[in-house]
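Student: So that you have it, the file is data-v1.csv, and it contains CSV, C-alpha atoms:
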```csv
chain,number,residue,atom,x,y,z
A,276,MET,CA,-96.1,-84.8,95.4
A,277,GLY,CA,-97.5,-87.7,97.5
A,278,PHE,CA,-96.9,-91.4,97.1
A,279,VAL,CA,-97.7,-92.8,93.6
A,280,LEU,CA,-98.3,-96.5,93.2
A,281,ASP,CA,-96.0,-97.6,90.4
A,282,GLY,CA,-94.8,-101.2,90.4
A,283,PRO,CA,-91.3,-101.7,88.8
A,284,VAL,CA,-90.2,-104.8,87.0
A,285,LEU,CA,-89.4,-107.5,89.5
A,286,GLU,CA,-87.3,-110.5,88.4
A,287,GLY,CA,-86.3,-113.8,90.1
A,288,GLU,CA,-84.9,-117.1,88.8
A,289,ARG,CA,-88.3,-118.5,87.9
A,290,VAL,CA,-90.6,-115.5,87.2
A,291,ARG,CA,-90.3,-112.0,85.9
A,292,LEU,CA,-93.1,-109.6,86.9
A,293,GLU,CA,-93.5,-106.8,84.3
A,294,PRO,CA,-96.1,-104.1,84.2
A,295,LEU,CA,-99.2,-105.3,82.4
A,296,SER,CA,-99.8,-103.8,79.0
A,297,PRO,CA,-102.0,-104.3,75.9
A,298,GLY,CA,-99.1,-106.2,74.3
A,299,HIS,CA,-99.6,-109.0,76.8
A,300,ALA,CA,-103.2,-109.7,75.6
A,301,GLU,CA,-102.8,-112.6,73.2
A,302,ALA,CA,-100.3,-114.5,75.4
A,303,LEU,CA,-102.4,-113.8,78.6
A,304,GLY,CA,-105.5,-115.1,76.9
A,305,ALA,CA,-103.7,-118.2,75.9
A,306,ALA,CA,-102.6,-118.8,79.4
A,307,GLY,CA,-106.1,-118.3,80.7
A,308,ASP,CA,-107.5,-120.8,78.2
A,309,GLU,CA,-104.9,-123.5,79.0
A,310,ASP,CA,-106.9,-125.2,81.8
A,311,ARG,CA,-109.7,-123.5,83.5
A,312,ALA,CA,-110.5,-126.2,86.1
A,313,SER,CA,-109.1,-124.2,89.0
A,314,TYR,CA,-110.8,-120.9,88.3
A,315,ALA,CA,-114.2,-121.4,89.9
A,316,PHE,CA,-113.8,-118.3,92.1
A,317,THR,CA,-111.2,-116.2,90.3
A,318,TRP,CA,-111.4,-113.6,87.6
A,319,VAL,CA,-109.3,-115.1,84.7
A,320,PRO,CA,-109.8,-113.9,81.1
A,321,THR,CA,-110.3,-116.2,78.2
A,322,ALA,CA,-108.6,-115.5,74.9
A,323,THR,CA,-111.6,-113.4,73.7
A,324,GLU,CA,-111.7,-111.5,77.0
A,325,ALA,CA,-108.0,-110.7,77.6
A,326,ALA,CA,-107.9,-107.3,75.9
A,327,GLY,CA,-110.9,-106.1,77.9
A,328,TYR,CA,-109.4,-107.6,81.1
A,329,ILE,CA,-106.2,-105.6,80.5
A,330,ASP,CA,-108.2,-102.4,79.7
A,331,ALA,CA,-110.1,-102.8,83.0
A,332,GLN,CA,-106.9,-103.3,85.0
A,333,LEU,CA,-105.2,-100.3,83.4
A,334,GLU,CA,-108.3,-98.2,84.2
A,335,ARG,CA,-107.9,-99.1,87.8
A,336,ALA,CA,-104.2,-98.4,87.6
A,337,ALA,CA,-105.0,-94.9,86.3
A,338,THR,CA,-106.8,-94.2,89.5
A,339,GLY,CA,-103.7,-94.9,91.5
A,340,LYS,CA,-105.3,-98.0,93.2
A,341,LEU,CA,-103.6,-100.8,91.3
A,342,ALA,CA,-100.2,-101.7,89.8
A,343,PRO,CA,-101.0,-104.8,87.6
A,344,TYR,CA,-98.3,-107.3,86.4
A,345,ALA,CA,-98.0,-110.0,83.8
A,346,GLN,CA,-96.2,-113.0,85.2
A,347,ILE,CA,-93.5,-114.3,82.8
A,348,ALA,CA,-91.8,-117.7,83.2
A,349,VAL,CA,-88.1,-116.9,82.9
A,350,GLU,CA,-87.3,-120.3,81.5
A,351,THR,CA,-89.6,-120.0,78.5
A,352,GLY,CA,-90.3,-116.3,78.3
A,353,ARG,CA,-94.0,-117.2,78.2
A,354,VAL,CA,-96.8,-115.2,79.9
A,355,VAL,CA,-98.2,-117.6,82.5
A,356,GLY,CA,-100.6,-115.3,84.5
A,357,ALA,CA,-101.1,-112.0,86.3
A,358,THR,CA,-100.9,-110.5,89.7
A,359,SER,CA,-101.0,-107.0,91.2
A,360,PHE,CA,-100.3,-104.6,94.0
A,361,TRP,CA,-103.7,-103.3,95.0
A,362,ASP,CA,-105.5,-100.9,97.4
A,363,PRO,CA,-102.6,-98.8,98.8
A,364,ARG,CA,-103.2,-97.1,102.2
A,365,LEU,CA,-101.1,-94.1,103.1
A,366,TRP,CA,-100.0,-92.6,106.3
A,367,PRO,CA,-101.8,-89.3,107.2
A,368,ASP,CA,-99.0,-87.2,105.6
A,369,GLY,CA,-99.9,-88.7,102.2
A,370,GLU,CA,-96.3,-89.2,101.4
A,371,ARG,CA,-95.6,-92.7,102.6
A,372,LEU,CA,-97.2,-96.0,102.0
A,373,ARG,CA,-98.6,-97.8,105.2
A,374,ALA,CA,-100.1,-101.0,103.7
A,375,ILE,CA,-100.8,-102.7,100.4
A,376,GLU,CA,-102.7,-105.7,99.1
A,377,VAL,CA,-101.3,-108.4,96.8
A,378,GLY,CA,-104.2,-109.6,94.7
A,379,PHE,CA,-105.8,-110.3,91.3
A,380,THR,CA,-103.5,-113.3,91.1
A,381,TRP,CA,-103.8,-116.3,88.8
A,382,LEU,CA,-101.6,-118.7,87.0
A,383,ALA,CA,-102.0,-120.9,83.9
A,384,GLY,CA,-102.5,-124.6,84.8
A,385,SER,CA,-99.0,-125.6,83.7
A,386,ALA,CA,-97.4,-122.9,85.9
A,387,GLN,CA,-99.2,-124.0,89.1
A,388,GLY,CA,-97.0,-126.0,91.5
A,389,THR,CA,-93.8,-125.0,89.8
A,390,GLY,CA,-92.5,-122.5,92.4
A,391,ILE,CA,-93.6,-119.5,90.3
A,392,ASN,CA,-96.3,-118.5,92.7
A,393,THR,CA,-93.9,-118.7,95.7
A,394,GLU,CA,-91.3,-116.6,94.0
A,395,ALA,CA,-93.7,-114.0,92.7
A,396,LYS,CA,-95.1,-113.6,96.2
A,397,TYR,CA,-91.5,-113.3,97.5
A,398,LEU,CA,-90.7,-110.6,95.0
A,399,LEU,CA,-93.8,-108.6,95.8
A,400,PHE,CA,-93.5,-108.9,99.5
A,401,ARG,CA,-89.8,-108.0,99.5
A,402,HIS,CA,-90.5,-104.9,97.5
A,403,ALA,CA,-93.4,-103.9,99.7
A,404,PHE,CA,-91.6,-104.4,103.0
A,405,GLU,CA,-88.0,-103.4,102.0
A,406,VAL,CA,-88.5,-100.7,99.4
A,407,TRP,CA,-91.8,-99.2,100.3
A,408,ASP,CA,-91.4,-99.9,104.1
A,409,VAL,CA,-95.0,-101.0,104.6
A,410,THR,CA,-96.3,-102.2,107.9
A,411,ARG,CA,-98.5,-105.0,106.4
A,412,VAL,CA,-99.4,-106.8,103.2
A,413,ASP,CA,-102.9,-108.1,102.8
A,414,LEU,CA,-104.1,-111.0,100.7
A,415,LYS,CA,-107.7,-112.1,100.4
A,416,THR,CA,-109.8,-114.7,98.5
A,417,ASP,CA,-113.3,-116.0,98.2
A,418,ALA,CA,-113.9,-117.8,101.5
A,419,ARG,CA,-115.1,-120.9,99.6
A,420,ASN,CA,-111.8,-121.1,97.6
A,421,ALA,CA,-110.0,-123.8,99.6
A,422,ARG,CA,-107.2,-124.1,97.0
A,423,SER,CA,-106.4,-120.4,97.1
A,424,ARG,CA,-106.6,-120.2,100.9
A,425,ALA,CA,-104.1,-123.1,101.1
A,426,ALA,CA,-101.8,-121.3,98.6
A,427,ILE,CA,-101.9,-118.1,100.6
A,428,GLU,CA,-101.1,-119.8,103.9
A,429,SER,CA,-98.3,-121.7,102.2
A,430,VAL,CA,-96.4,-118.4,101.6
A,431,GLY,CA,-96.5,-117.5,105.3
A,432,ALA,CA,-99.6,-115.3,105.5
A,433,HIS,CA,-101.7,-115.5,108.6
A,434,PHE,CA,-105.5,-116.0,108.5
A,435,GLU,CA,-107.4,-113.1,110.1
A,436,GLY,CA,-111.0,-114.1,109.6
A,437,VAL,CA,-113.8,-113.9,107.1
A,438,LEU,CA,-115.3,-110.6,106.0
A,439,ARG,CA,-118.9,-111.2,105.1
A,440,ASN,CA,-120.4,-109.7,101.9
A,441,TRP,CA,-117.1,-108.0,101.4
A,442,SER,CA,-116.6,-107.7,97.6
A,443,PRO,CA,-118.1,-108.7,94.3
A,444,SER,CA,-118.1,-112.4,93.5
A,445,TRP,CA,-116.2,-113.7,90.4
A,446,ALA,CA,-117.8,-117.1,90.5
A,447,PRO,CA,-119.7,-118.0,87.3
A,448,GLY,CA,-123.4,-117.2,87.6
A,449,GLU,CA,-123.0,-114.9,90.5
A,450,ASP,CA,-122.9,-111.5,88.7
A,451,GLY,CA,-124.1,-108.8,91.0
A,452,ARG,CA,-123.7,-110.9,94.1
A,453,LEU,CA,-121.3,-110.3,97.0
A,454,ARG,CA,-118.9,-112.9,98.3
A,455,ASP,CA,-117.5,-113.6,101.8
A,456,SER,CA,-113.7,-112.9,101.7
A,457,ALA,CA,-111.1,-114.8,103.7
A,458,MET,CA,-108.5,-112.2,104.9
A,459,PHE,CA,-104.8,-112.9,105.4
A,460,SER,CA,-101.8,-110.7,106.2
A,461,ILE,CA,-98.1,-110.5,106.9
A,462,THR,CA,-96.9,-107.6,109.1
A,463,ASP,CA,-93.6,-106.0,109.1
A,464,GLY,CA,-92.6,-107.7,112.3
A,465,GLU,CA,-93.5,-111.1,110.7
A,466,TRP,CA,-91.6,-110.4,107.5
A,467,PRO,CA,-88.1,-111.6,108.5
A,468,ALA,CA,-89.5,-115.1,109.4
A,469,ALA,CA,-91.8,-115.1,106.3
A,470,ARG,CA,-88.8,-114.1,104.1
A,471,GLU,CA,-86.7,-117.0,105.6
A,472,HIS,CA,-89.6,-119.4,105.0
A,473,LEU,CA,-90.0,-118.4,101.4
A,474,GLU,CA,-86.3,-118.5,100.7
A,475,LYS,CA,-86.0,-122.0,102.1
A,476,ARG,CA,-89.0,-123.1,100.0
A,477,LEU,CA,-87.5,-121.6,96.9
A,478,THR,CA,-84.1,-123.2,97.5
A,479,HIS,CA,-85.7,-126.6,98.2
A,480,SER,CA,-87.8,-126.5,95.1
A,481,HIS,CA,-84.8,-125.4,93.0
A,482,ARG,CA,-82.8,-128.4,94.0
A,483,ARG,CA,-85.6,-130.9,93.2
```
Kindly transcribe the structure held in the file into structure tokens.
Tutor:
Amino acid sequence: MGFVLDGPVLEGERVRLEPLSPGHAEALGAAGDEDRASYAFTWVPTATEAAGYIDAQLERAATGKLAPYAQIAVETGRVVGATSFWDPRLWPDGERLRAIEVGFTWLAGSAQGTGINTEAKYLLFRHAFEVWDVTRVDLKTDARNARSRAAIESVGAHFEGVLRNWSPSWAPGEDGRLRDSAMFSITDGEWPAAREHLEKRLTHSHRR
């Protein structure tokens, strides 16, 4: 049997990433409705859309292309967002994972700037590089999304360029249109330095 994308529970001091399920719908919708000011380019469900959002992600998961997570704040036990492993690429033998993307990420307004995003990325990257032994992790966002680009760079990913007309736009009013995607990555050779950077950031924010 070849590699099967199946994300396990990943837990840190601030955030627990647990596989997304229909049971998260109500809390996920509440998180999405909390403050939508930063979601101009991101697919974030409202309370009425959360069940459909989860169904769509689980349909993708059934194809083996996605491992979606709910982000849970450890301090409160509250659902504060979502993220995923996405688009696995295998070595020719089909048995081993070569590269993976971290995407479909968003956080409730109250969870932004709390260190949860940094720790979630740390947990996902560490699993990808140290358990799955990947050679790179990708991250991408709408090229217009300056806030998201800054957040990706802050976790140690390197900007590689803009891929024009790369994927569907999630911006309101742009249904059926394509967006330019800003591409970032961390390679296996860069992971030790990126890990040290993330651990220092987490230690610093924990002491504040």
Student: State, in Å with one decimal place, the distance from atom CA of A:Val284 to atom CA of A:Leu341.
Tutor: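 One can read the atom CA of A:Val284 to atom CA of A:Leu341 distance as 14.6 Å.
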Student: Using all atoms listed in the file, I'd like a table of the residues in stretch 383-475 of chain A that come within 12 Å of stretch 293-299 of chain A; for each, show the closest atom pair and its distance in Å rounded to one decimal, ordered by chain and ascending number, as a tab-separated table.
Tutor:
```
residue	atom	partner	partner_atom	distance
A:Ala395	CA	A:Glu293	CA	11.1
A:Leu398	CA	A:Glu293	CA	11.7
A:Leu399	CA	A:Glu293	CA	11.6
```
Student: Out of A:Arg470, A:Arg439, A:Arg424, A:Lys475, which residue has the shortest atom-to-atom distance to A:Phe316 when counting all atoms listed in the file?
Tutor: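 Of A:Arg470, A:Arg439, A:Arg424, A:Lys475, the one nearest A:Phe316, counting all atoms listed in the file, is A:Arg424.
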Student: Got a sec: who's within 7 Å of A:Arg373, counting all atoms listed in the file, leaving out chain neighbours fewer than 5 positions off, as a PDB file with C-alpha atoms, in the coordinates of the input?
Tutor:
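Printed below is out_25.pdb as written:
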```pdb
ATOM      1  CA  ARG A 364    -103.200 -97.100 102.200  1.00  0.00           C
ATOM      2  CA  LEU A 365    -101.100 -94.100 103.100  1.00  0.00           C
ATOM      3  CA  TRP A 366    -100.000 -92.600 106.300  1.00  0.00           C
ATOM      4  CA  VAL A 409     -95.000-101.000 104.600  1.00  0.00           C
ATOM      5  CA  THR A 410     -96.300-102.200 107.900  1.00  0.00           C
TER       6      THR A 410
END
```
Student: Using only C-alpha atoms, which of the listed residues (A:Asp413, A:Glu405, A:Glu301, A:Asp450) sits closest to A:Gly431?
Tutor: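 Of A:Asp413, A:Glu405, A:Glu301, A:Asp450, the one nearest A:Gly431, counting only C-alpha atoms, is A:Asp413.
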Student: Which distance in Å separates atom CA of A:Pro343 and atom CA of A:Ala357, to one decimal?
Tutor: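 Atom CA of A:Ala357 lies 7.3 Å from atom CA of A:Pro343.
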Student: Give me, as an MDAnalysis selection string, all polymer residues having an atom no more than 12 Å from A:Val430, counting all atoms listed in the file and skipping those fewer than 6 positions away in the same chain.
Tutor: chainID A and resid 390:400 414 423:424 459:461 466 468:477
Student: Measuring between only C-alpha atoms, which one of A:Ala315, A:Ala426, A:Ala383, A:Ala345 shows the shortest distance to A:Gly282?
Tutor: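 Looking only at the distances to A:Gly282, the closest residue turns out to be A:Ala345.
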Student: Kindly give the distance, in Å, that separates atom CA of A:Ala331 and atom CA of A:Phe379, rounded to a single decimal.
Tutor: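 Pair atom CA of A:Ala331 / atom CA of A:Phe379 returns 12.0 Å.
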Student: Please check which residues have atoms at most 12 Å from (-98.1, -102.2, 89.4) in the file's coordinates, counting all atoms listed in the file, and write them as a PDB file with C-alpha atoms, keeping the file's coordinate frame.
Tutor:
```
ATOM      1  CA  VAL A 279     -97.700 -92.800  93.600  1.00  0.00           C
ATOM      2  CA  LEU A 280     -98.300 -96.500  93.200  1.00  0.00           C
ATOM      3  CA  ASP A 281     -96.000 -97.600  90.400  1.00  0.00           C
ATOM      4  CA  GLY A 282     -94.800-101.200  90.400  1.00  0.00           C
ATOM      5  CA  PRO A 283     -91.300-101.700  88.800  1.00  0.00           C
ATOM      6  CA  VAL A 284     -90.200-104.800  87.000  1.00  0.00           C
ATOM      7  CA  LEU A 285     -89.400-107.500  89.500  1.00  0.00           C
ATOM      8  CA  LEU A 292     -93.100-109.600  86.900  1.00  0.00           C
ATOM      9  CA  GLU A 293     -93.500-106.800  84.300  1.00  0.00           C
ATOM     10  CA  PRO A 294     -96.100-104.100  84.200  1.00  0.00           C
ATOM     11  CA  LEU A 295     -99.200-105.300  82.400  1.00  0.00           C
ATOM     12  CA  SER A 296     -99.800-103.800  79.000  1.00  0.00           C
ATOM     13  CA  GLN A 332    -106.900-103.300  85.000  1.00  0.00           C
ATOM     14  CA  LEU A 333    -105.200-100.300  83.400  1.00  0.00           C
ATOM     15  CA  ARG A 335    -107.900 -99.100  87.800  1.00  0.00           C
ATOM     16  CA  ALA A 336    -104.200 -98.400  87.600  1.00  0.00           C
ATOM     17  CA  ALA A 337    -105.000 -94.900  86.300  1.00  0.00           C
ATOM     18  CA  THR A 338    -106.800 -94.200  89.500  1.00  0.00           C
ATOM     19  CA  GLY A 339    -103.700 -94.900  91.500  1.00  0.00           C
ATOM     20  CA  LYS A 340    -105.300 -98.000  93.200  1.00  0.00           C
ATOM     21  CA  LEU A 341    -103.600-100.800  91.300  1.00  0.00           C
ATOM     22  CA  ALA A 342    -100.200-101.700  89.800  1.00  0.00           C
ATOM     23  CA  PRO A 343    -101.000-104.800  87.600  1.00  0.00           C
ATOM     24  CA  TYR A 344     -98.300-107.300  86.400  1.00  0.00           C
ATOM     25  CA  ALA A 345     -98.000-110.000  83.800  1.00  0.00           C
ATOM     26  CA  GLN A 346     -96.200-113.000  85.200  1.00  0.00           C
ATOM     27  CA  ALA A 357    -101.100-112.000  86.300  1.00  0.00           C
ATOM     28  CA  THR A 358    -100.900-110.500  89.700  1.00  0.00           C
ATOM     29  CA  SER A 359    -101.000-107.000  91.200  1.00  0.00           C
ATOM     30  CA  PHE A 360    -100.300-104.600  94.000  1.00  0.00           C
ATOM     31  CA  TRP A 361    -103.700-103.300  95.000  1.00  0.00           C
ATOM     32  CA  ASP A 362    -105.500-100.900  97.400  1.00  0.00           C
ATOM     33  CA  PRO A 363    -102.600 -98.800  98.800  1.00  0.00           C
ATOM     34  CA  ILE A 375    -100.800-102.700 100.400  1.00  0.00           C
ATOM     35  CA  GLU A 376    -102.700-105.700  99.100  1.00  0.00           C
ATOM     36  CA  VAL A 377    -101.300-108.400  96.800  1.00  0.00           C
ATOM     37  CA  GLY A 378    -104.200-109.600  94.700  1.00  0.00           C
ATOM     38  CA  PHE A 379    -105.800-110.300  91.300  1.00  0.00           C
ATOM     39  CA  LEU A 399     -93.800-108.600  95.800  1.00  0.00           C
ATOM     40  CA  HIS A 402     -90.500-104.900  97.500  1.00  0.00           C
ATOM     41  CA  ALA A 403     -93.400-103.900  99.700  1.00  0.00           C
TER      42      ALA A 403
END
```
Student: Mind running stretch 370-442 of chain A against stretch 303-313 of chain A at 12 Å and telling me each contacting residue's nearest atom pair with the distance in Å (one decimal), counting only C-alpha atoms, chain and number ascending, as JSON lines?
Tutor:
```
{"residue": "A:Thr380", "atom": "CA", "partner": "A:Gly307", "partner_atom": "CA", "distance": 11.8}
{"residue": "A:Trp381", "atom": "CA", "partner": "A:Gly307", "partner_atom": "CA", "distance": 8.7}
{"residue": "A:Leu382", "atom": "CA", "partner": "A:Ala306", "partner_atom": "CA", "distance": 7.7}
{"residue": "A:Ala383", "atom": "CA", "partner": "A:Ala306", "partner_atom": "CA", "distance": 5.0}
{"residue": "A:Gly384", "atom": "CA", "partner": "A:Asp310", "partner_atom": "CA", "distance": 5.4}
{"residue": "A:Ser385", "atom": "CA", "partner": "A:Glu309", "partner_atom": "CA", "distance": 7.8}
{"residue": "A:Ala386", "atom": "CA", "partner": "A:Ala306", "partner_atom": "CA", "distance": 9.3}
{"residue": "A:Gln387", "atom": "CA", "partner": "A:Ser313", "partner_atom": "CA", "distance": 9.9}
{"residue": "A:Asn420", "atom": "CA", "partner": "A:Ser313", "partner_atom": "CA", "distance": 9.5}
{"residue": "A:Ala421", "atom": "CA", "partner": "A:Ser313", "partner_atom": "CA", "distance": 10.6}
{"residue": "A:Arg422", "atom": "CA", "partner": "A:Ser313", "partner_atom": "CA", "distance": 8.2}
{"residue": "A:Ser423", "atom": "CA", "partner": "A:Ser313", "partner_atom": "CA", "distance": 9.3}
```
Student: Using all atoms listed in the file, which of A:Ser429, A:Thr317, A:Ser442, A:Ser456 sits nearest A:Thr416?
Tutor: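 Using all atoms listed in the file, the shortest distance to A:Thr416 belongs to A:Ser456.
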Student: Just need the box for stretch 346-362 of chain A, edges along x, y and z, holding every atom the file lists for it with 5 Å tacked onto each side, so centre and edge lengths in Å to one decimal, as AutoDock Vina command-line options.
Tutor:
```
--center_x -96.4 --center_y -110.6 --center_z 87.8 --size_x 28.2 --size_y 29.4 --size_z 29.2
```
Student: Could I get stretch 301-319 of chain A from the block written out with N, CA, C and O atoms, as a compact mmCIF listing (two decimals), in the first residue's frame?
Tutor:
```
# COMPACT_ATOMS: atom_id res chain seq x y z
N GLU A 301 -20.49 24.02 14.50
CA GLU A 301 -21.05 25.16 15.22
C GLU A 301 -19.95 26.08 15.74
O GLU A 301 -20.01 27.31 15.55
N ALA A 302 -18.94 25.50 16.37
CA ALA A 302 -17.86 26.31 16.94
C ALA A 302 -17.01 26.95 15.85
O ALA A 302 -16.54 28.09 16.00
N LEU A 303 -16.82 26.24 14.74
CA LEU A 303 -16.03 26.80 13.64
C LEU A 303 -16.76 27.99 13.02
O LEU A 303 -16.14 29.01 12.70
N GLY A 304 -18.08 27.88 12.86
CA GLY A 304 -18.86 28.98 12.33
C GLY A 304 -18.82 30.19 13.24
O GLY A 304 -18.73 31.34 12.77
N ALA A 305 -18.87 29.96 14.54
CA ALA A 305 -18.78 31.07 15.49
C ALA A 305 -17.44 31.77 15.39
O ALA A 305 -17.35 33.00 15.45
N ALA A 306 -16.37 31.00 15.22
CA ALA A 306 -15.03 31.58 15.06
C ALA A 306 -14.96 32.41 13.78
O ALA A 306 -14.40 33.51 13.77
N GLY A 307 -15.54 31.90 12.70
CA GLY A 307 -15.52 32.62 11.44
C GLY A 307 -16.32 33.90 11.46
O GLY A 307 -16.00 34.87 10.77
N ASP A 308 -17.38 33.93 12.27
CA ASP A 308 -18.24 35.12 12.36
C ASP A 308 -17.72 36.18 13.32
O ASP A 308 -18.21 37.30 13.35
N GLU A 309 -16.70 35.82 14.09
CA GLU A 309 -16.25 36.70 15.17
C GLU A 309 -15.82 38.09 14.68
O GLU A 309 -16.21 39.11 15.24
N ASP A 310 -15.00 38.13 13.65
CA ASP A 310 -14.52 39.40 13.08
C ASP A 310 -13.99 39.09 11.69
O ASP A 310 -12.93 38.50 11.55
N ARG A 311 -14.71 39.52 10.66
CA ARG A 311 -14.37 39.13 9.31
C ARG A 311 -13.52 40.18 8.57
O ARG A 311 -13.34 40.10 7.36
N ALA A 312 -12.98 41.12 9.30
CA ALA A 312 -12.26 42.23 8.67
C ALA A 312 -11.01 41.78 7.91
O ALA A 312 -10.59 42.44 6.96
N SER A 313 -10.39 40.66 8.32
CA SER A 313 -9.12 40.25 7.70
C SER A 313 -9.30 39.14 6.66
O SER A 313 -8.32 38.54 6.23
N TYR A 314 -10.53 38.86 6.24
CA TYR A 314 -10.78 37.71 5.37
C TYR A 314 -11.06 38.09 3.92
O TYR A 314 -11.74 37.36 3.20
N ALA A 315 -10.55 39.18 3.44
CA ALA A 315 -10.89 39.65 2.10
C ALA A 315 -10.48 38.68 1.00
O ALA A 315 -11.08 38.66 -0.07
N PHE A 316 -9.44 37.87 1.24
CA PHE A 316 -8.93 36.98 0.19
C PHE A 316 -8.95 35.51 0.61
O PHE A 316 -8.36 34.66 -0.06
N THR A 317 -9.60 35.19 1.72
CA THR A 317 -9.48 33.87 2.33
C THR A 317 -10.84 33.20 2.43
O THR A 317 -11.85 33.86 2.72
N TRP A 318 -10.87 31.88 2.23
CA TRP A 318 -12.11 31.12 2.33
C TRP A 318 -12.39 30.81 3.81
O TRP A 318 -11.80 29.91 4.38
N VAL A 319 -13.27 31.58 4.42
CA VAL A 319 -13.63 31.41 5.83
C VAL A 319 -15.15 31.32 5.93
O VAL A 319 -15.85 32.24 5.50
```
